[in-house]
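Input: a single structure, listed below in structure tokens.
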Number of protein chains: 2
Amino acid sequence: MEVVESKEWYMAAYAEEGVPSSDHLKIRTVTVSLAVDSIPDDHVAIQSLWISVDPYLRSRMTGAGGLSVNQFPLNQAISSYGVGKIIRSKSSRFEEGDLVICPAMPVAEYCVIPSNYVPRKIDPASGIDPVEYVAMLGIPGFAAWVGIEVLGNPKIGENVFISAAAGGVGIAAGQLAKLKGCRVIGSCGSDDKVKLLKEEFGFDDAFNYKKEPDLDAALSKYFPNGIDIYFENVGGKTLEAVLNHVNAYARIPLCGMISQYNKVWTEREGVRNLLNMVGKEVRMQGFMLRSYQDRSADFIAEMEGYLKEKKITSKHKIYKGIESFLDSFASLFSSSNIGKVVVQVEA
Amino acid sequence: MEVVESKEWYMAAYAEEGVPSSDHLKIRTVTVSLAVDSIPDDHVAIQSLWISVDPYLRSRMTGAGGLSVNQFPLNQAISSYGVGKIIRSKSSRFEEGDLVICPAMPVAEYCVIPSNYVPRKIDPASGIDPVEYVAMLGIPGFAAWVGIEVLGNPKIGENVFISAAAGGVGIAAGQLAKLKGCRVIGSCGSDDKVKLLKEEFGFDDAFNYKKEPDLDAALSKYFPNGIDIYFENVGGKTLEAVLNHVNAYARIPLCGMISQYNKVWTEREGVRNLLNMVGKEVRMQGFMLRSYQDRSADFIAEMEGYLKEKKITSKHKIYKGIESFLDSFASLFSSSNIGKVVVQVEA
């Protein structure tokens with residue numbers, strides 16, 4: 001196996017509006033040489049196992065969506081957070097067979113990358129399923145932790161609202177807030193999800209926003225004592241409704257705005273009641289995980305503990321085979337998934 | 001002088017929309033007894049000297065504007081921040097003739113109030129004009145200080161944008177940011193104000209927003225390196241334009257939103273590009289001065305120092321006589337003033 005064929009997804013054209021399609025993301029087969037001589041020093045060859053599928057990738061497909069991450073270069077393989085297996089190593093840090101975390105892994109079956117793209121190995125003795133390293137221990141878990149614990153600063157008994165609550169980030173955020181002693185309510189897009197949030201993930205209550213045409217009235221019902229933390233995943237009208245129910249000193253970590261990504265900004269829903277933030281002294285704060293890398297070890301220690309003690313329940317929506325990446329990505333915008341969306345590369 | 005006639009402004013009817021008028025605020029003459037026997041223990045009789053006229057009072061005239069301060073009770077005298085003279089004292093803390101600060105002074109010529117409504121005396125030896133205690137040392141100065149120094153956390157060389165820059169808060173905020181080594185640009189509503197901001201208050205530049213129909217283009221011109229701190233006084237379209245020019249980790253202290261107070265919230269201008277806050281990791285934070293009382297002594301020490309050393313230039317728009325209160329208040333919403341609006345009660 002000195003040469004392998006490797007399917008990879010590349011950026012064929014940017015998508016300014018709408019959900020990216022096969023016009024924008026295309027798959028091709030390339031040849032990757034695994035001959036030791038062909039691998040540069042301090043590089044490793046990796047076989048992809050799990051690829052994280054996250055909404056923020058959308059913004060890298062235009063570069064103009066308000067997220068300041070870089071555009072994916074045209075005609076090159078796109079990348080995402082992933083778990084892979086080292087199959088060749090020219091780095092003293094890794095041996096063949098090591099399972100590793102790779103925050104910018106090409107969305108490809110195989111790749112050869114600098115070893116400094118690979119921050120750490122997975123300890124096989126931990127007893128934690130490797131898929132968790134792209135779920136509760138990956139981007140969604142870390143995003144939930146930064147939003148709830150670092151920016152949310154939750155206090156026992158506070159009222160926490162989580163939108164897109166049945167998604168990968170939402171189920172992590174809700175459970176972390178529960179572990180801090182908060183009352184947690186989630187919104188989601190189906191009755192099945194409502195049931196799951198309450199029965200499987202321990203939310204105090206949940207509702208299907210599609211059945212609540214008057215979101216303001218819904219929040220009055222679910223938050224008679226107001227909202228102290230709103231974990232923002234959706235944007236637009238939901239944020240506006242929340243701002244009519246915030247308590248003094250409420251915190252609104254902005255993780256993402258799934259309802260807004262696929263529109264040019266002038267077509268997005270305007271939020272008309274930001275003045276409420278003055279009187280209630282609300283703090284709203286956008287965040288990107290790159291700015292919290294110094295807290296990563298704290299996060300991992302805490303989350304690994306919860307997983308080992310089974311205090312956190314994880315759920316994955318697994319798409320099989322690298323070919324499924326585009327479908328898996330498009331599904332993020334259709335409210336069709338429960339749990340963290342991942343691609344399992346070896347189907 | 002055991003009995004005086006005292007003119008006072010009272011809330012006759014709430015104003016849900018628009019600028020409050022003589023339908024809502026009315027003046028009447030009441031009789032105040034100054035006989036020592038008629039003044040309760042731990043109370044003082046005060047003659048008003050200076051009354052602070054501030055936009056936030058608008059929200060107390062509906063109670064429904066998003067600011068969580070209480071409505072003024074109907075048929076009772078309204079109150080504001082003021083400086084007065086003690087004319088009778090049944091408190092061991094005060095003597096007749098003391099000049100005092102009164103954060104909730106009735107908008108009246110005379111009043112009798114509990115001495116604990118009066119936090120402190122003005123030191124006549126300080127050399128500071130008493131009007132400054134409702135200006136640079138009063139609400140606008142403290143609001144500017146909290147916004148710029150506490151929430152803005154300015155660093156040398158950062159780019160600071162101040163809206164409503166020629167108002168009482170704006171001229172204080174701009175000068176404080178300059179003293180911290182920032183580059184400061186202000187927007188305001190007339191060419192005269194532009195000139196004043198640059199020549200008298202040391203702004204690096206300023207522009208008349210009425211002559212900049214494309215605010216986005218104006219900000220591109222004045223902020224080629226982006227905005228690090230936006231001191232928000234106006235809301236709506238200005239905030240939206242700013243969010244297209246924010247740098248990573250920008251701070252937006254929300255002091256008020258003068259363009260929005262007189263509209264019901266559903267009629268306000270929506271902000272459509274809050275998603276920019278995610279990628280740029282922007283922090284937007286509303287504030288009310290009541291939450292920063294523990295920093296008041298720090299503020300006073302710093303600002304008194306600046307005033308004594310003439311490092312800060314103050315400017316007042318003085319309305320004479322208690323009768324002028326309504327006109328002075330309405331003027332806040334017409335962009336007609338330069339500097340801090342005050343009523344000098346003894347005309």
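The chains in the structure tokens are called A, B, ... from first to last as shown; in each chain the residues are counted from 1, and the ligands are counted from 1 in the order shown.
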Could you please select, counting only C-alpha atoms, the residues of chain A within 9 Å of chain B and state them as JSON, numbers by chain? {"A": [65, 66, 67, 68, 69, 235, 236, 244, 248, 249, 254, 255, 256, 257, 260, 261, 265, 266, 267, 268, 269, 270, 271, 272, 273, 274, 275, 276, 277, 278, 279, 280, 281, 282, 283, 284, 285, 286, 287, 288, 291]}
When you look at Pro213 in chain A with a cut-off of 12 Å (counting only C-alpha atoms), what residues show up, excluding the ones that are within fewer than 4 positions of it in the same chain? I need them as a PyMOL selection string. chain A and resi 207-209+217-219+237-238+241
Residues just named, written with N, CA, C and O atoms as a CSV table (one decimal), in the first residue's frame:
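New file again-v4.csv:
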chain,number,residue,atom,x,y,z
A,207,PHE,N,-39.7,23.0,23.8
A,207,PHE,CA,-40.9,23.2,22.9
A,207,PHE,C,-40.5,23.2,21.5
A,207,PHE,O,-39.3,23.5,21.2
A,208,ASN,N,-41.4,22.9,20.6
A,208,ASN,CA,-41.3,22.9,19.2
A,208,ASN,C,-41.6,24.2,18.6
A,208,ASN,O,-42.8,24.6,18.6
A,209,TYR,N,-40.6,25.0,18.2
A,209,TYR,CA,-40.9,26.4,17.8
A,209,TYR,C,-41.8,26.5,16.6
A,209,TYR,O,-42.5,27.5,16.4
A,217,ALA,N,-45.1,34.9,23.4
A,217,ALA,CA,-46.1,34.2,24.3
A,217,ALA,C,-45.5,32.9,24.8
A,217,ALA,O,-45.6,32.6,26.0
A,218,ALA,N,-44.8,32.2,24.0
A,218,ALA,CA,-44.2,30.9,24.4
A,218,ALA,C,-43.2,31.2,25.5
A,218,ALA,O,-43.1,30.5,26.5
A,219,LEU,N,-42.4,32.2,25.3
A,219,LEU,CA,-41.3,32.5,26.3
A,219,LEU,C,-42.0,33.0,27.6
A,219,LEU,O,-41.5,32.7,28.7
A,237,LYS,N,-35.5,36.3,14.7
A,237,LYS,CA,-36.7,36.5,15.5
A,237,LYS,C,-36.6,35.9,16.9
A,237,LYS,O,-37.2,36.3,17.8
A,238,THR,N,-35.8,34.8,17.0
A,238,THR,CA,-35.7,34.1,18.3
A,238,THR,C,-35.0,35.1,19.3
A,238,THR,O,-35.4,35.3,20.4
A,241,ALA,N,-37.2,37.9,20.4
A,241,ALA,CA,-38.2,37.5,21.4
A,241,ALA,C,-37.5,37.3,22.7
A,241,ALA,O,-38.1,37.8,23.8
So that I can check the surroundings of range 16-19 of chain B, please list as a list in words every protein, DNA and RNA residue that reaches within 6 Å of it, counting only C-alpha atoms and ignoring chain neighbours fewer than 5 positions away. Thr62, Asn262 and Lys263 of chain B
Saved selection, atoms kept: N, CA, C and O atoms, as a tab-separated table (two decimals), in the first residue's frame:
chain	number	residue	atom	x	y	z
B	62	THR	N	-42.68	56.37	30.32
B	62	THR	CA	-43.58	55.32	29.85
B	62	THR	C	-43.45	54.09	30.74
B	62	THR	O	-44.43	53.42	30.99
B	262	ASN	N	-38.27	57.14	21.40
B	262	ASN	CA	-39.62	57.66	21.22
B	262	ASN	C	-40.51	56.81	20.33
B	262	ASN	O	-41.57	57.23	19.92
B	263	LYS	N	-40.04	55.56	20.04
B	263	LYS	CA	-40.82	54.65	19.21
B	263	LYS	C	-41.17	53.41	20.02
B	263	LYS	O	-40.38	52.97	20.84
Hey, what's within 6 Å of range 302-316 of chain B if we count only C-alpha atoms and toss same-chain stuff fewer than 5 positions away? As a ChimeraX atom specification, please? /B:339-341
Keeping C-alpha atoms for every residue in the selection just given, could you write it to a file as a PDB file, in the first residue's frame?
ATOM      1  CA  GLY B 339     -22.785  69.964  25.509  1.00  0.00           C
ATOM      2  CA  LYS B 340     -24.545  68.938  28.650  1.00  0.00           C
ATOM      3  CA  VAL B 341     -28.138  70.168  28.995  1.00  0.00           C
TER       4      VAL B 341
END
Just asking: which residues within range 50-182 of chain B are helix (DSSP H, G or I) according to DSSP, as a PyMOL selection string? chain B and resi 57-60+115-117+124-126+130-134+139-151+168-179
Output N, CA and C atoms of each residue in that selection to a file, as a compact mmCIF listing (two decimals), in the first residue's frame.
# COMPACT_ATOMS: atom_id res chain seq x y z
N LEU B 57 -34.32 59.75 31.24
CA LEU B 57 -35.58 60.11 31.92
C LEU B 57 -36.79 59.78 31.04
N ARG B 58 -36.55 59.77 29.72
CA ARG B 58 -37.65 59.44 28.79
C ARG B 58 -38.32 58.13 29.14
N SER B 59 -37.49 57.14 29.49
CA SER B 59 -38.04 55.81 29.72
C SER B 59 -38.88 55.76 31.00
N ARG B 60 -38.63 56.68 31.91
CA ARG B 60 -39.45 56.70 33.13
C ARG B 60 -40.80 57.33 32.85
N SER B 115 -32.60 62.71 54.49
CA SER B 115 -31.18 63.04 54.31
C SER B 115 -30.40 61.91 53.63
N ASN B 116 -30.92 60.69 53.69
CA ASN B 116 -30.21 59.61 53.00
C ASN B 116 -30.41 59.65 51.49
N TYR B 117 -31.22 60.58 51.00
CA TYR B 117 -31.28 60.84 49.55
C TYR B 117 -30.10 61.70 49.10
N PRO B 124 -16.57 73.37 48.83
CA PRO B 124 -16.47 74.68 48.17
C PRO B 124 -15.02 75.06 47.87
N ALA B 125 -14.08 74.41 48.57
CA ALA B 125 -12.65 74.75 48.37
C ALA B 125 -12.05 74.06 47.15
N SER B 126 -12.85 73.18 46.51
CA SER B 126 -12.26 72.41 45.39
C SER B 126 -11.95 73.28 44.18
N PRO B 130 -19.86 74.43 40.62
CA PRO B 130 -20.90 73.47 41.03
C PRO B 130 -21.67 72.85 39.87
N VAL B 131 -21.80 73.55 38.74
CA VAL B 131 -22.54 72.95 37.60
C VAL B 131 -21.86 71.68 37.11
N GLU B 132 -20.54 71.56 37.34
CA GLU B 132 -19.86 70.33 36.89
C GLU B 132 -20.38 69.08 37.60
N TYR B 133 -20.99 69.28 38.77
CA TYR B 133 -21.49 68.11 39.50
C TYR B 133 -22.76 67.53 38.87
N VAL B 134 -23.36 68.26 37.92
CA VAL B 134 -24.41 67.63 37.10
C VAL B 134 -23.90 67.40 35.67
N ILE B 139 -24.12 62.63 35.91
CA ILE B 139 -24.54 61.47 35.12
C ILE B 139 -23.77 61.34 33.80
N PRO B 140 -23.66 62.40 33.00
CA PRO B 140 -22.97 62.18 31.72
C PRO B 140 -21.50 61.81 31.87
N GLY B 141 -20.82 62.44 32.80
CA GLY B 141 -19.41 62.12 33.01
C GLY B 141 -19.24 60.69 33.50
N PHE B 142 -20.08 60.28 34.44
CA PHE B 142 -19.97 58.92 34.99
C PHE B 142 -20.34 57.89 33.91
N ALA B 143 -21.36 58.21 33.11
CA ALA B 143 -21.75 57.29 32.04
C ALA B 143 -20.60 57.13 31.04
N ALA B 144 -19.97 58.25 30.70
CA ALA B 144 -18.84 58.19 29.77
C ALA B 144 -17.70 57.36 30.36
N TRP B 145 -17.45 57.55 31.64
CA TRP B 145 -16.34 56.85 32.32
C TRP B 145 -16.60 55.35 32.39
N VAL B 146 -17.82 54.97 32.77
CA VAL B 146 -18.14 53.53 32.83
C VAL B 146 -18.02 52.92 31.43
N GLY B 147 -18.60 53.61 30.44
CA GLY B 147 -18.58 53.05 29.08
C GLY B 147 -17.18 52.93 28.52
N ILE B 148 -16.41 54.00 28.64
CA ILE B 148 -15.06 53.98 28.05
C ILE B 148 -14.09 53.19 28.92
N GLU B 149 -14.03 53.50 30.20
CA GLU B 149 -12.94 52.94 31.00
C GLU B 149 -13.26 51.57 31.59
N VAL B 150 -14.49 51.37 32.05
CA VAL B 150 -14.81 50.07 32.67
C VAL B 150 -15.14 49.04 31.60
N LEU B 151 -16.08 49.36 30.71
CA LEU B 151 -16.50 48.37 29.71
C LEU B 151 -15.66 48.43 28.44
N GLY B 168 -23.71 65.77 26.06
CA GLY B 168 -23.01 65.76 27.34
C GLY B 168 -22.18 64.52 27.56
N VAL B 169 -22.73 63.36 27.21
CA VAL B 169 -21.99 62.11 27.37
C VAL B 169 -20.88 62.01 26.33
N GLY B 170 -21.20 62.38 25.10
CA GLY B 170 -20.25 62.23 24.00
C GLY B 170 -18.97 63.02 24.19
N ILE B 171 -19.09 64.28 24.61
CA ILE B 171 -17.86 65.07 24.77
C ILE B 171 -17.02 64.53 25.93
N ALA B 172 -17.67 63.97 26.93
CA ALA B 172 -16.90 63.36 28.03
C ALA B 172 -16.24 62.07 27.56
N ALA B 173 -17.00 61.24 26.85
CA ALA B 173 -16.46 59.94 26.40
C ALA B 173 -15.28 60.14 25.45
N GLY B 174 -15.42 61.07 24.53
CA GLY B 174 -14.36 61.31 23.56
C GLY B 174 -13.08 61.77 24.23
N GLN B 175 -13.21 62.69 25.18
CA GLN B 175 -12.02 63.20 25.85
C GLN B 175 -11.37 62.14 26.74
N LEU B 176 -12.19 61.31 27.39
CA LEU B 176 -11.62 60.24 28.20
C LEU B 176 -10.84 59.26 27.31
N ALA B 177 -11.40 58.94 26.15
CA ALA B 177 -10.71 58.01 25.25
C ALA B 177 -9.40 58.64 24.74
N LYS B 178 -9.42 59.94 24.47
CA LYS B 178 -8.18 60.62 24.06
C LYS B 178 -7.13 60.54 25.18
N LEU B 179 -7.57 60.78 26.40
CA LEU B 179 -6.64 60.72 27.53
C LEU B 179 -6.04 59.33 27.70
Apply DSSP to the structure's backbone, then extract all residues of range 228-285 of chain A labelled strand (DSSP E) and return them as a PDB file with C-alpha atoms, in the first residue's frame.
ATOM      1  CA  ASP A 228     -30.746  34.739  32.778  1.00  0.00           C
ATOM      2  CA  ILE A 229     -28.690  33.020  30.085  1.00  0.00           C
ATOM      3  CA  TYR A 230     -29.618  32.621  26.442  1.00  0.00           C
ATOM      4  CA  PHE A 231     -27.319  30.334  24.505  1.00  0.00           C
ATOM      5  CA  VAL A 246     -34.268  38.930  29.762  1.00  0.00           C
ATOM      6  CA  ASN A 247     -33.582  39.493  33.430  1.00  0.00           C
ATOM      7  CA  ALA A 248     -31.177  42.110  34.733  1.00  0.00           C
ATOM      8  CA  TYR A 249     -27.559  41.177  33.969  1.00  0.00           C
ATOM      9  CA  ALA A 250     -28.568  38.447  31.513  1.00  0.00           C
ATOM     10  CA  ARG A 251     -25.767  36.913  29.450  1.00  0.00           C
ATOM     11  CA  ILE A 252     -26.149  36.009  25.785  1.00  0.00           C
ATOM     12  CA  PRO A 253     -23.205  34.040  24.412  1.00  0.00           C
ATOM     13  CA  LEU A 254     -23.448  34.094  20.622  1.00  0.00           C
ATOM     14  CA  ARG A 283     -24.100  41.353  27.944  1.00  0.00           C
ATOM     15  CA  MET A 284     -24.072  39.795  24.468  1.00  0.00           C
ATOM     16  CA  GLN A 285     -20.825  38.286  23.317  1.00  0.00           C
TER      17      GLN A 285
END
Skipping near chain neighbours, those fewer than 6 positions away, what residues fall within 7 Å of Ile318 in chain A using only C-alpha atoms, listed as number ranges by chain? A: 341-344
Keeping only all heavy atoms, write those residues as a short mmCIF file (atom, residue, chain, number, x, y, z; two decimals), in the first residue's frame.
data_model
loop_
_atom_site.label_atom_id
_atom_site.label_comp_id
_atom_site.auth_asym_id
_atom_site.auth_seq_id
_atom_site.Cartn_x
_atom_site.Cartn_y
_atom_site.Cartn_z
N VAL A 341 -23.79 15.91 14.21
CA VAL A 341 -23.64 15.34 12.87
C VAL A 341 -22.17 15.03 12.63
O VAL A 341 -21.31 15.91 12.78
CB VAL A 341 -24.18 16.31 11.81
CG1 VAL A 341 -23.93 15.75 10.40
CG2 VAL A 341 -25.66 16.57 12.03
N VAL A 342 -21.89 13.79 12.25
CA VAL A 342 -20.52 13.38 11.95
C VAL A 342 -20.52 12.50 10.71
O VAL A 342 -21.52 11.86 10.38
CB VAL A 342 -19.89 12.58 13.12
CG1 VAL A 342 -19.74 13.45 14.36
CG2 VAL A 342 -20.70 11.34 13.44
N VAL A 343 -19.40 12.48 10.04
CA VAL A 343 -19.19 11.53 8.96
C VAL A 343 -18.21 10.47 9.45
O VAL A 343 -17.13 10.80 9.96
CB VAL A 343 -18.63 12.23 7.69
CG1 VAL A 343 -18.14 11.19 6.68
CG2 VAL A 343 -19.69 13.12 7.06
N GLN A 344 -18.65 9.22 9.32
CA GLN A 344 -17.76 8.09 9.61
C GLN A 344 -17.13 7.69 8.27
O GLN A 344 -17.84 7.24 7.37
CB GLN A 344 -18.56 6.93 10.21
CG GLN A 344 -17.68 5.77 10.61
CD GLN A 344 -18.46 4.69 11.34
OE1 GLN A 344 -19.68 4.59 11.20
NE2 GLN A 344 -17.75 3.88 12.13
#
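Minimum atom-to-atom distance to Val53 in chain A, evaluated using only C-alpha atoms, belongs to A:Ala135 out of A:Ala135, A:Val184, A:Leu25, A:Leu34.
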Neighbour list for Leu49 in chain A as a ChimeraX atom specification, cut-off 12 Å, only C-alpha atoms, skip fewer than 5 positions in-chain: /A:81-87,98-102,105-111,130-131,133-134,318-322,342-347
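Near range 9-11 of chain B, within a cut-off of 9 Å and counting only C-alpha atoms, sit the residues B:His24, B:Leu25, B:Lys26, B:Ile27, B:Arg28, B:Thr29, B:Met61, B:Phe72, B:Pro73, B:Leu74, B:Asn75, B:Gln76, B:Ala77, B:Ile78, B:Ser79, B:Pro106, B:Val107, B:Ala108, B:Ile322, B:Glu323, B:Phe325, B:Leu326, with same-chain residues fewer than 6 positions away left out.
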What gap, in Å, lies between CA of Pro114 in chain A and CA of Asp294 in chain A? 21.9 Å
Go through A:Val44, A:Ser336, A:Ser296, A:Ser21 one by one, measure the shortest atom-to-atom distance of each to Lys193 in chain A using only C-alpha atoms, and give the residue with the smallest value. A:Ser336
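In this structure, CA of Ala165 in chain A sits 5.1 Å away from CA of Gly186 in chain A.
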Quick one, how far is CA of Ile227 in chain B from CA of Ile162 in chain B? 10.4 Å
